[in-house]
Structure formats: structure tokens, C-alpha cells
$ cat protein-v5.csv   # CSV, N, CA and C atoms
chain,number,residue,atom,x,y,z
F,16,MET,N,3.8,-53.5,-51.1
F,16,MET,CA,3.4,-53.9,-49.7
F,16,MET,C,2.6,-55.2,-49.7
F,17,THR,N,2.8,-56.0,-48.7
F,17,THR,CA,2.1,-57.2,-48.5
F,17,THR,C,0.7,-56.9,-47.9
F,18,GLU,N,-0.3,-57.5,-48.5
F,18,GLU,CA,-1.7,-57.2,-48.1
F,18,GLU,C,-2.4,-58.4,-47.6
F,19,PHE,N,-3.3,-58.3,-46.7
F,19,PHE,CA,-4.2,-59.3,-46.2
F,19,PHE,C,-5.6,-58.8,-46.0
F,20,GLU,N,-6.6,-59.6,-46.3
F,20,GLU,CA,-8.0,-59.3,-46.0
F,20,GLU,C,-8.5,-60.3,-45.0
F,21,VAL,N,-9.0,-59.9,-43.9
F,21,VAL,CA,-9.5,-60.8,-42.8
F,21,VAL,C,-10.8,-60.4,-42.3
F,22,ASP,N,-11.5,-61.3,-41.7
F,22,ASP,CA,-12.7,-61.1,-40.9
F,22,ASP,C,-12.3,-61.4,-39.5
F,23,ALA,N,-12.5,-60.4,-38.6
F,23,ALA,CA,-12.0,-60.6,-37.2
F,23,ALA,C,-13.0,-60.0,-36.2
F,24,PRO,N,-13.2,-60.6,-35.1
F,24,PRO,CA,-14.1,-60.1,-34.1
F,24,PRO,C,-13.6,-58.9,-33.3
F,25,LEU,N,-14.5,-58.0,-33.0
F,25,LEU,CA,-14.1,-56.8,-32.2
F,25,LEU,C,-14.4,-57.2,-30.7
F,26,TRP,N,-13.4,-56.9,-29.9
F,26,TRP,CA,-13.6,-57.1,-28.4
F,26,TRP,C,-13.0,-56.0,-27.6
F,27,GLN,N,-13.5,-55.8,-26.4
F,27,GLN,CA,-13.1,-54.7,-25.6
F,27,GLN,C,-12.3,-55.2,-24.4
F,28,VAL,N,-11.3,-54.5,-24.0
F,28,VAL,CA,-10.5,-54.9,-22.9
F,28,VAL,C,-11.4,-54.8,-21.6
F,29,GLU,N,-11.3,-55.8,-20.8
F,29,GLU,CA,-12.1,-55.9,-19.6
F,29,GLU,C,-11.7,-54.7,-18.7
F,30,ASN,N,-12.8,-53.9,-18.2
F,30,ASN,CA,-12.6,-52.8,-17.4
F,30,ASN,C,-11.7,-51.7,-18.1
F,31,GLY,N,-11.9,-51.6,-19.4
F,31,GLY,CA,-11.1,-50.6,-20.1
F,31,GLY,C,-11.9,-50.1,-21.3
F,32,SER,N,-11.3,-49.1,-22.0
F,32,SER,CA,-12.0,-48.6,-23.2
F,32,SER,C,-11.4,-49.0,-24.5
F,33,TRP,N,-10.3,-49.7,-24.5
F,33,TRP,CA,-9.6,-50.1,-25.7
F,33,TRP,C,-10.4,-51.2,-26.4
F,34,VAL,N,-10.5,-51.1,-27.7
F,34,VAL,CA,-11.2,-52.1,-28.5
F,34,VAL,C,-10.2,-52.6,-29.6
F,35,PHE,N,-10.2,-53.9,-29.7
F,35,PHE,CA,-9.3,-54.6,-30.6
F,35,PHE,C,-10.0,-55.6,-31.5
F,36,ALA,N,-9.3,-55.9,-32.6
F,36,ALA,CA,-9.7,-57.1,-33.5
F,36,ALA,C,-8.6,-58.1,-33.4
F,37,SER,N,-8.9,-59.3,-33.2
F,37,SER,CA,-7.9,-60.4,-33.1
F,37,SER,C,-7.8,-61.0,-34.5
F,38,LEU,N,-6.5,-61.1,-35.0
F,38,LEU,CA,-6.3,-61.7,-36.3
F,38,LEU,C,-6.4,-63.2,-36.3
F,39,PRO,N,-6.9,-63.8,-37.4
F,39,PRO,CA,-6.9,-65.3,-37.5
F,39,PRO,C,-5.5,-65.8,-37.3
F,40,PHE,N,-5.4,-67.0,-36.7
F,40,PHE,CA,-4.1,-67.5,-36.4
F,40,PHE,C,-3.2,-67.7,-37.7
F,41,PRO,N,-3.7,-68.2,-38.8
F,41,PRO,CA,-2.8,-68.4,-40.0
F,41,PRO,C,-2.3,-67.1,-40.5
F,42,VAL,N,-3.1,-66.0,-40.4
F,42,VAL,CA,-2.6,-64.7,-40.9
F,42,VAL,C,-1.6,-64.1,-39.9
F,43,ALA,N,-1.8,-64.3,-38.6
F,43,ALA,CA,-0.8,-63.8,-37.6
F,43,ALA,C,0.5,-64.5,-37.8
F,44,ASP,N,0.4,-65.8,-38.0
F,44,ASP,CA,1.7,-66.6,-38.3
F,44,ASP,C,2.4,-66.1,-39.5
F,45,GLU,N,1.7,-65.8,-40.6
F,45,GLU,CA,2.4,-65.4,-41.8
F,45,GLU,C,3.0,-64.0,-41.6
F,46,ILE,N,2.3,-63.1,-40.9
F,46,ILE,CA,2.8,-61.8,-40.6
F,46,ILE,C,4.0,-61.9,-39.7
F,47,ASP,N,4.0,-62.7,-38.8
F,47,ASP,CA,5.2,-62.9,-37.9
F,47,ASP,C,6.4,-63.4,-38.7
F,48,ASP,N,6.2,-64.3,-39.6
F,48,ASP,CA,7.3,-64.8,-40.5
F,48,ASP,C,7.8,-63.7,-41.3
F,49,LEU,N,6.9,-62.9,-41.9
F,49,LEU,CA,7.3,-61.9,-42.9
F,49,LEU,C,8.1,-60.7,-42.2
F,50,THR,N,7.7,-60.5,-40.9
F,50,THR,CA,8.3,-59.3,-40.3
F,50,THR,C,9.4,-59.6,-39.2
F,51,ARG,N,9.7,-60.9,-39.0
F,51,ARG,CA,10.7,-61.2,-38.0
F,51,ARG,C,12.0,-60.5,-38.3
F,52,GLY,N,12.5,-59.8,-37.2
F,52,GLY,CA,13.7,-59.0,-37.3
F,52,GLY,C,13.4,-57.6,-37.7
F,53,ARG,N,12.2,-57.3,-38.1
F,53,ARG,CA,11.9,-55.9,-38.4
F,53,ARG,C,10.7,-55.3,-37.6
F,54,GLN,N,10.4,-56.1,-36.5
F,54,GLN,CA,9.3,-55.7,-35.6
F,54,GLN,C,9.8,-54.5,-34.7
F,55,GLY,N,8.8,-53.7,-34.3
F,55,GLY,CA,9.2,-52.6,-33.5
F,55,GLY,C,9.1,-52.9,-32.0
F,56,GLY,N,9.0,-51.9,-31.2
F,56,GLY,CA,8.9,-52.1,-29.7
F,56,GLY,C,7.7,-53.1,-29.4
F,57,PHE,N,8.0,-53.9,-28.4
F,57,PHE,CA,7.0,-54.9,-27.9
F,57,PHE,C,6.5,-55.9,-29.0
F,58,GLY,N,7.3,-56.0,-30.1
F,58,GLY,CA,7.0,-56.9,-31.2
F,58,GLY,C,6.0,-56.4,-32.2
F,59,SER,N,5.8,-55.0,-32.1
F,59,SER,CA,4.7,-54.4,-33.0
F,59,SER,C,5.1,-54.4,-34.5
F,60,VAL,N,4.0,-54.4,-35.3
F,60,VAL,CA,4.2,-54.4,-36.7
F,60,VAL,C,3.4,-53.3,-37.3
F,61,ARG,N,4.0,-52.4,-38.0
F,61,ARG,CA,3.3,-51.2,-38.6
F,61,ARG,C,2.5,-51.7,-39.8
F,62,VAL,N,1.2,-51.2,-39.8
F,62,VAL,CA,0.3,-51.5,-40.9
F,62,VAL,C,-0.5,-50.3,-41.3
F,63,GLU,N,-1.0,-50.4,-42.6
F,63,GLU,CA,-2.1,-49.5,-43.0
F,63,GLU,C,-3.3,-50.3,-43.1
F,64,VAL,N,-4.4,-49.8,-42.5
F,64,VAL,CA,-5.6,-50.6,-42.3
F,64,VAL,C,-6.8,-49.9,-43.0
F,65,THR,N,-7.7,-50.7,-43.6
F,65,THR,CA,-8.9,-50.1,-44.1
F,65,THR,C,-10.1,-50.9,-43.5
F,66,LEU,N,-11.0,-50.2,-42.8
F,66,LEU,CA,-12.2,-50.8,-42.2
F,66,LEU,C,-13.3,-49.9,-42.7
F,67,GLY,N,-14.2,-50.4,-43.5
F,67,GLY,CA,-15.3,-49.5,-44.0
F,67,GLY,C,-14.7,-48.4,-44.8
F,68,PRO,N,-15.2,-47.1,-44.5
F,68,PRO,CA,-14.7,-46.0,-45.3
F,68,PRO,C,-13.4,-45.4,-44.8
F,69,THR,N,-12.8,-46.0,-43.7
F,69,THR,CA,-11.6,-45.3,-43.1
F,69,THR,C,-10.4,-46.1,-43.4
F,70,THR,N,-9.3,-45.4,-43.8
F,70,THR,CA,-8.0,-46.0,-43.9
F,70,THR,C,-7.0,-45.2,-43.0
F,71,TRP,N,-6.2,-45.9,-42.2
F,71,TRP,CA,-5.3,-45.3,-41.3
F,71,TRP,C,-4.1,-46.1,-41.1
F,72,ARG,N,-3.1,-45.5,-40.5
F,72,ARG,CA,-1.9,-46.3,-40.1
F,72,ARG,C,-1.8,-46.5,-38.6
F,73,THR,N,-1.4,-47.7,-38.2
F,73,THR,CA,-1.3,-48.0,-36.8
F,73,THR,C,-0.4,-49.2,-36.7
F,74,SER,N,-0.4,-49.9,-35.6
F,74,SER,CA,0.5,-51.1,-35.4
F,74,SER,C,-0.4,-52.2,-34.9
F,75,LEU,N,0.0,-53.4,-35.3
F,75,LEU,CA,-0.5,-54.7,-34.7
F,75,LEU,C,0.4,-55.0,-33.5
F,76,PHE,N,-0.2,-55.6,-32.5
F,76,PHE,CA,0.6,-55.9,-31.3
F,76,PHE,C,0.4,-57.4,-31.0
F,77,PRO,N,1.5,-58.1,-30.7
F,77,PRO,CA,1.3,-59.5,-30.3
F,77,PRO,C,0.6,-59.6,-28.9
F,78,ASP,N,-0.3,-60.5,-28.8
F,78,ASP,CA,-1.0,-60.8,-27.6
F,78,ASP,C,-0.7,-62.2,-27.2
F,79,LYS,N,0.1,-62.4,-26.3
F,79,LYS,CA,0.6,-63.8,-25.9
F,79,LYS,C,-0.6,-64.6,-25.3
F,80,GLY,N,-1.5,-64.0,-24.6
F,80,GLY,CA,-2.7,-64.7,-24.1
F,80,GLY,C,-3.6,-65.2,-25.2
F,81,ARG,N,-3.7,-64.5,-26.2
F,81,ARG,CA,-4.6,-64.9,-27.4
F,81,ARG,C,-3.8,-65.6,-28.4
F,82,GLU,N,-2.5,-65.5,-28.3
F,82,GLU,CA,-1.6,-66.2,-29.3
F,82,GLU,C,-1.8,-65.7,-30.7
F,83,THR,N,-2.0,-64.4,-30.9
F,83,THR,CA,-2.2,-63.8,-32.2
F,83,THR,C,-1.8,-62.3,-32.1
F,84,TYR,N,-1.9,-61.6,-33.2
F,84,TYR,CA,-1.8,-60.2,-33.2
F,84,TYR,C,-3.1,-59.6,-33.0
F,85,VAL,N,-3.1,-58.4,-32.3
F,85,VAL,CA,-4.4,-57.7,-32.2
F,85,VAL,C,-4.2,-56.3,-32.8
F,86,LEU,N,-5.3,-55.8,-33.3
F,86,LEU,CA,-5.4,-54.5,-34.0
F,86,LEU,C,-6.3,-53.6,-33.2
F,87,PRO,N,-5.7,-52.4,-32.7
F,87,PRO,CA,-6.6,-51.5,-32.0
F,87,PRO,C,-7.5,-50.7,-33.0
F,88,VAL,N,-8.7,-50.6,-32.7
F,88,VAL,CA,-9.7,-49.9,-33.5
F,88,VAL,C,-10.4,-48.8,-32.8
F,89,LYS,N,-10.1,-47.6,-33.1
F,89,LYS,CA,-10.6,-46.4,-32.4
F,89,LYS,C,-12.1,-46.2,-32.6
F,90,LYS,N,-12.7,-45.5,-31.7
F,90,LYS,CA,-14.2,-45.3,-31.7
F,90,LYS,C,-14.6,-44.6,-33.0
F,91,ALA,N,-13.8,-43.6,-33.4
F,91,ALA,CA,-14.2,-42.9,-34.7
F,91,ALA,C,-14.3,-43.8,-35.9
F,92,VAL,N,-13.4,-44.8,-35.9
F,92,VAL,CA,-13.3,-45.7,-37.0
F,92,VAL,C,-14.6,-46.6,-36.9
F,93,ARG,N,-14.8,-47.1,-35.7
F,93,ARG,CA,-16.0,-48.0,-35.5
F,93,ARG,C,-17.3,-47.3,-35.9
F,94,THR,N,-17.4,-46.0,-35.5
F,94,THR,CA,-18.6,-45.2,-35.8
F,94,THR,C,-18.8,-45.0,-37.3
F,95,ALA,N,-17.7,-44.7,-37.9
F,95,ALA,CA,-17.8,-44.4,-39.4
F,95,ALA,C,-18.2,-45.7,-40.1
F,96,ALA,N,-17.7,-46.9,-39.6
F,96,ALA,CA,-18.1,-48.1,-40.3
F,96,ALA,C,-19.4,-48.7,-39.8
F,97,GLY,N,-20.0,-48.1,-38.8
F,97,GLY,CA,-21.2,-48.6,-38.2
F,97,GLY,C,-21.1,-50.0,-37.6
F,98,VAL,N,-20.0,-50.2,-36.9
F,98,VAL,CA,-19.8,-51.5,-36.2
F,98,VAL,C,-19.6,-51.3,-34.7
F,99,ALA,N,-19.8,-52.4,-34.0
F,99,ALA,CA,-19.7,-52.3,-32.5
F,99,ALA,C,-19.0,-53.5,-32.0
F,100,VAL,N,-18.6,-53.4,-30.7
F,100,VAL,CA,-17.9,-54.5,-30.0
F,100,VAL,C,-18.8,-55.7,-30.1
F,101,GLY,N,-18.2,-56.9,-30.4
F,101,GLY,CA,-18.9,-58.1,-30.5
F,101,GLY,C,-19.2,-58.5,-31.9
F,102,GLU,N,-19.1,-57.6,-32.8
F,102,GLU,CA,-19.3,-57.9,-34.3
F,102,GLU,C,-18.0,-58.3,-34.9
F,103,VAL,N,-18.1,-59.1,-36.0
F,103,VAL,CA,-17.0,-59.5,-36.8
F,103,VAL,C,-16.9,-58.4,-37.9
F,104,VAL,N,-15.7,-57.9,-38.1
F,104,VAL,CA,-15.5,-56.8,-39.1
F,104,VAL,C,-14.5,-57.4,-40.2
F,105,HIS,N,-14.7,-56.8,-41.4
F,105,HIS,CA,-13.8,-57.1,-42.5
F,105,HIS,C,-12.8,-56.0,-42.6
F,106,VAL,N,-11.5,-56.3,-42.5
F,106,VAL,CA,-10.4,-55.3,-42.6
F,106,VAL,C,-9.4,-55.7,-43.6
F,107,ARG,N,-8.8,-54.7,-44.3
F,107,ARG,CA,-7.7,-54.9,-45.2
F,107,ARG,C,-6.4,-54.4,-44.5
F,108,LEU,N,-5.4,-55.2,-44.4
F,108,LEU,CA,-4.2,-54.8,-43.7
F,108,LEU,C,-3.0,-54.8,-44.8
F,109,ARG,N,-2.2,-53.8,-44.7
F,109,ARG,CA,-1.1,-53.7,-45.6
F,109,ARG,C,0.2,-53.5,-44.7
F,110,LEU,N,1.1,-54.4,-44.8
F,110,LEU,CA,2.3,-54.3,-44.0
F,110,LEU,C,3.1,-53.1,-44.6
F,111,VAL,N,3.5,-52.2,-43.7
F,111,VAL,CA,4.2,-51.0,-44.1
F,111,VAL,C,5.7,-51.3,-44.3
F,112,ASP,N,6.4,-52.1,-43.5
F,112,ASP,CA,7.8,-52.2,-43.5
F,112,ASP,C,8.3,-53.5,-44.2
F,113,VAL,N,7.5,-54.1,-45.1
F,113,VAL,CA,7.9,-55.3,-45.7
F,113,VAL,C,8.0,-55.1,-47.2
$ encode --input "protein-v5.csv" --output "C-alpha cells"
Amino acid sequence: MTEFEVDAPLWQVENGSWVFASLPFPVADEIDDLTRGRQGGFGSVRVEVTLGPTTWRTSLFPDKGRETYVLPVKKAVRTAAGVAVGEVVHVRLRLVDV
């Protein structure tokens, strides 16, 4: 599997409860190149993610407004890692389908 380690800011959807991390542009571009033609619905990319003590499988989603991929980060994961919205987190991403 192809792997990336990134530092990304956590942000919350306005008037919502979803929290995401936005990937750095160069990483998003490389992931897009590596997964073109194998992306799922809405351009999603399956990944295995590690943030702090938690590893889980989810998908990255393209965000046209931010021009990058975003990673959803559940409350349980944020709590286990001791991080909050507004902080920059270190995550390891492994592409599942490459």
C-alpha cells in the first residue's frame, strides 16, 4: 500500500457536527494521480488512517471549494488522540486500493 504522513488542520463544517482534516495540496495531487480511475462514488478514495492511538478505515473525499481531499475525523478518534477542532494533527494515510 502507498503511505503518506501529513500534518493537517482540523475544522468543523459550519452549522454542522462533521469534523475534517484538509490534506496538503501536494499530497492531494499525488493521491489523485495514483487513484485516478479507481475512485469510488463522489471521487472518494479508500484509506486506512492512523491518528494518535487509533487506526481505522474510511474514505477521503474531494472538496472542490478547498481544492483538496478532506478526511472525516470522528469524535471518538479526536478524544482518544486528545485533539480538538482548530488544531493541526499528524496522520498516517495508507491507500487501500492502490
$ closest_residue --input "protein-v5.csv" --among "F:Leu110, F:Val98, F:Val92, F:Val62" --to "F:Pro24" --atoms "only C-alpha atoms"
F:Val98
$ closest_atom_pairs --input "protein-v5.csv" --of "stretch 65-106 of chain F" --to "stretch 34-40 of chain F" --cutoff "6 Å" --atoms "all atoms listed in the file" --output "CSV"
residue,atom,partner,partner_atom,distance
F:Thr83,C,F:Leu38,N,5.7
F:Tyr84,C,F:Leu38,N,4.2
F:Val85,CA,F:Ala36,C,4.4
F:Leu86,C,F:Ala36,N,3.8
F:Pro87,CA,F:Phe35,CA,4.3
F:Val88,N,F:Val34,C,4.0
$ select_by_dssp --input "protein-v5.csv" --residues "chain F" --states "alpha helix (DSSP H)" --output "PDB file with N, CA and C atoms, in the coordinates of the input"
ATOM      1  N   PHE F  40      -5.400 -67.000 -36.700  1.00  0.00           N
ATOM      2  CA  PHE F  40      -4.100 -67.500 -36.400  1.00  0.00           C
ATOM      3  C   PHE F  40      -3.200 -67.700 -37.700  1.00  0.00           C
ATOM      4  N   PRO F  41      -3.700 -68.200 -38.800  1.00  0.00           N
ATOM      5  CA  PRO F  41      -2.800 -68.400 -40.000  1.00  0.00           C
ATOM      6  C   PRO F  41      -2.300 -67.100 -40.500  1.00  0.00           C
ATOM      7  N   VAL F  42      -3.100 -66.000 -40.400  1.00  0.00           N
ATOM      8  CA  VAL F  42      -2.600 -64.700 -40.900  1.00  0.00           C
ATOM      9  C   VAL F  42      -1.600 -64.100 -39.900  1.00  0.00           C
ATOM     10  N   ALA F  43      -1.800 -64.300 -38.600  1.00  0.00           N
ATOM     11  CA  ALA F  43      -0.800 -63.800 -37.600  1.00  0.00           C
ATOM     12  C   ALA F  43       0.500 -64.500 -37.800  1.00  0.00           C
ATOM     13  N   ASP F  44       0.400 -65.800 -38.000  1.00  0.00           N
ATOM     14  CA  ASP F  44       1.700 -66.600 -38.300  1.00  0.00           C
ATOM     15  C   ASP F  44       2.400 -66.100 -39.500  1.00  0.00           C
ATOM     16  N   GLU F  45       1.700 -65.800 -40.600  1.00  0.00           N
ATOM     17  CA  GLU F  45       2.400 -65.400 -41.800  1.00  0.00           C
ATOM     18  C   GLU F  45       3.000 -64.000 -41.600  1.00  0.00           C
ATOM     19  N   ILE F  46       2.300 -63.100 -40.900  1.00  0.00           N
ATOM     20  CA  ILE F  46       2.800 -61.800 -40.600  1.00  0.00           C
ATOM     21  C   ILE F  46       4.000 -61.900 -39.700  1.00  0.00           C
ATOM     22  N   ASP F  47       4.000 -62.700 -38.800  1.00  0.00           N
ATOM     23  CA  ASP F  47       5.200 -62.900 -37.900  1.00  0.00           C
ATOM     24  C   ASP F  47       6.400 -63.400 -38.700  1.00  0.00           C
ATOM     25  N   ASP F  48       6.200 -64.300 -39.600  1.00  0.00           N
ATOM     26  CA  ASP F  48       7.300 -64.800 -40.500  1.00  0.00           C
ATOM     27  C   ASP F  48       7.800 -63.700 -41.300  1.00  0.00           C
ATOM     28  N   LEU F  49       6.900 -62.900 -41.900  1.00  0.00           N
ATOM     29  CA  LEU F  49       7.300 -61.900 -42.900  1.00  0.00           C
ATOM     30  C   LEU F  49       8.100 -60.700 -42.200  1.00  0.00           C
ATOM     31  N   THR F  50       7.700 -60.500 -40.900  1.00  0.00           N
ATOM     32  CA  THR F  50       8.300 -59.300 -40.300  1.00  0.00           C
ATOM     33  C   THR F  50       9.400 -59.600 -39.200  1.00  0.00           C
ATOM     34  N   LYS F  90     -12.700 -45.500 -31.700  1.00  0.00           N
ATOM     35  CA  LYS F  90     -14.200 -45.300 -31.700  1.00  0.00           C
ATOM     36  C   LYS F  90     -14.600 -44.600 -33.000  1.00  0.00           C
ATOM     37  N   ALA F  91     -13.800 -43.600 -33.400  1.00  0.00           N
ATOM     38  CA  ALA F  91     -14.200 -42.900 -34.700  1.00  0.00           C
ATOM     39  C   ALA F  91     -14.300 -43.800 -35.900  1.00  0.00           C
ATOM     40  N   VAL F  92     -13.400 -44.800 -35.900  1.00  0.00           N
ATOM     41  CA  VAL F  92     -13.300 -45.700 -37.000  1.00  0.00           C
ATOM     42  C   VAL F  92     -14.600 -46.600 -36.900  1.00  0.00           C
ATOM     43  N   ARG F  93     -14.800 -47.100 -35.700  1.00  0.00           N
ATOM     44  CA  ARG F  93     -16.000 -48.000 -35.500  1.00  0.00           C
ATOM     45  C   ARG F  93     -17.300 -47.300 -35.900  1.00  0.00           C
ATOM     46  N   THR F  94     -17.400 -46.000 -35.500  1.00  0.00           N
ATOM     47  CA  THR F  94     -18.600 -45.200 -35.800  1.00  0.00           C
ATOM     48  C   THR F  94     -18.800 -45.000 -37.300  1.00  0.00           C
ATOM     49  N   ALA F  95     -17.700 -44.700 -37.900  1.00  0.00           N
ATOM     50  CA  ALA F  95     -17.800 -44.400 -39.400  1.00  0.00           C
ATOM     51  C   ALA F  95     -18.200 -45.700 -40.100  1.00  0.00           C
ATOM     52  N   ALA F  96     -17.700 -46.900 -39.600  1.00  0.00           N
ATOM     53  CA  ALA F  96     -18.100 -48.100 -40.300  1.00  0.00           C
ATOM     54  C   ALA F  96     -19.400 -48.700 -39.800  1.00  0.00           C
TER      55      ALA F  96
END
$ closest_atom_pairs --input "protein-v5.csv" --of "stretch 37-63 of chain F" --to "stretch 68-79 of chain F" --cutoff "8 Å" --atoms "only N, CA and C atoms" --output "CSV"
residue,atom,partner,partner_atom,distance
F:Gly56,C,F:Phe76,CA,7.9
F:Phe57,C,F:Pro77,N,5.7
F:Gly58,C,F:Pro77,N,5.0
F:Ser59,CA,F:Leu75,C,4.4
F:Val60,C,F:Leu75,N,3.9
F:Arg61,CA,F:Ser74,CA,4.3
F:Val62,N,F:Thr73,C,4.0
F:Glu63,CA,F:Arg72,CA,4.3
$ select_by_dssp --input "protein-v5.csv" --residues "stretch 19-111 of chain F" --states "strand (DSSP E or B)" --output "PyMOL selection string"
chain F and resi 19-27+34-37+60-66+69-78+83-87+103-110
$ atom_distance --input "protein-v5.csv" --atom1 "atom N of F:Val103" --atom2 "atom C of F:Leu25"
6.7 Å
$ atom_distance --input "protein-v5.csv" --atom1 "atom CA of F:Ala91" --atom2 "atom CA of F:Val28"
17.2 Å
$ atom_distance --input "protein-v5.csv" --atom1 "atom C of F:Ala23" --atom2 "atom C of F:Val104"
5.0 Å
$ closest_residue --input "protein-v5.csv" --among "F:Arg51, F:Leu66, F:Lys89, F:Ala96" --to "F:Asp22" --atoms "only C-alpha atoms"
F:Leu66
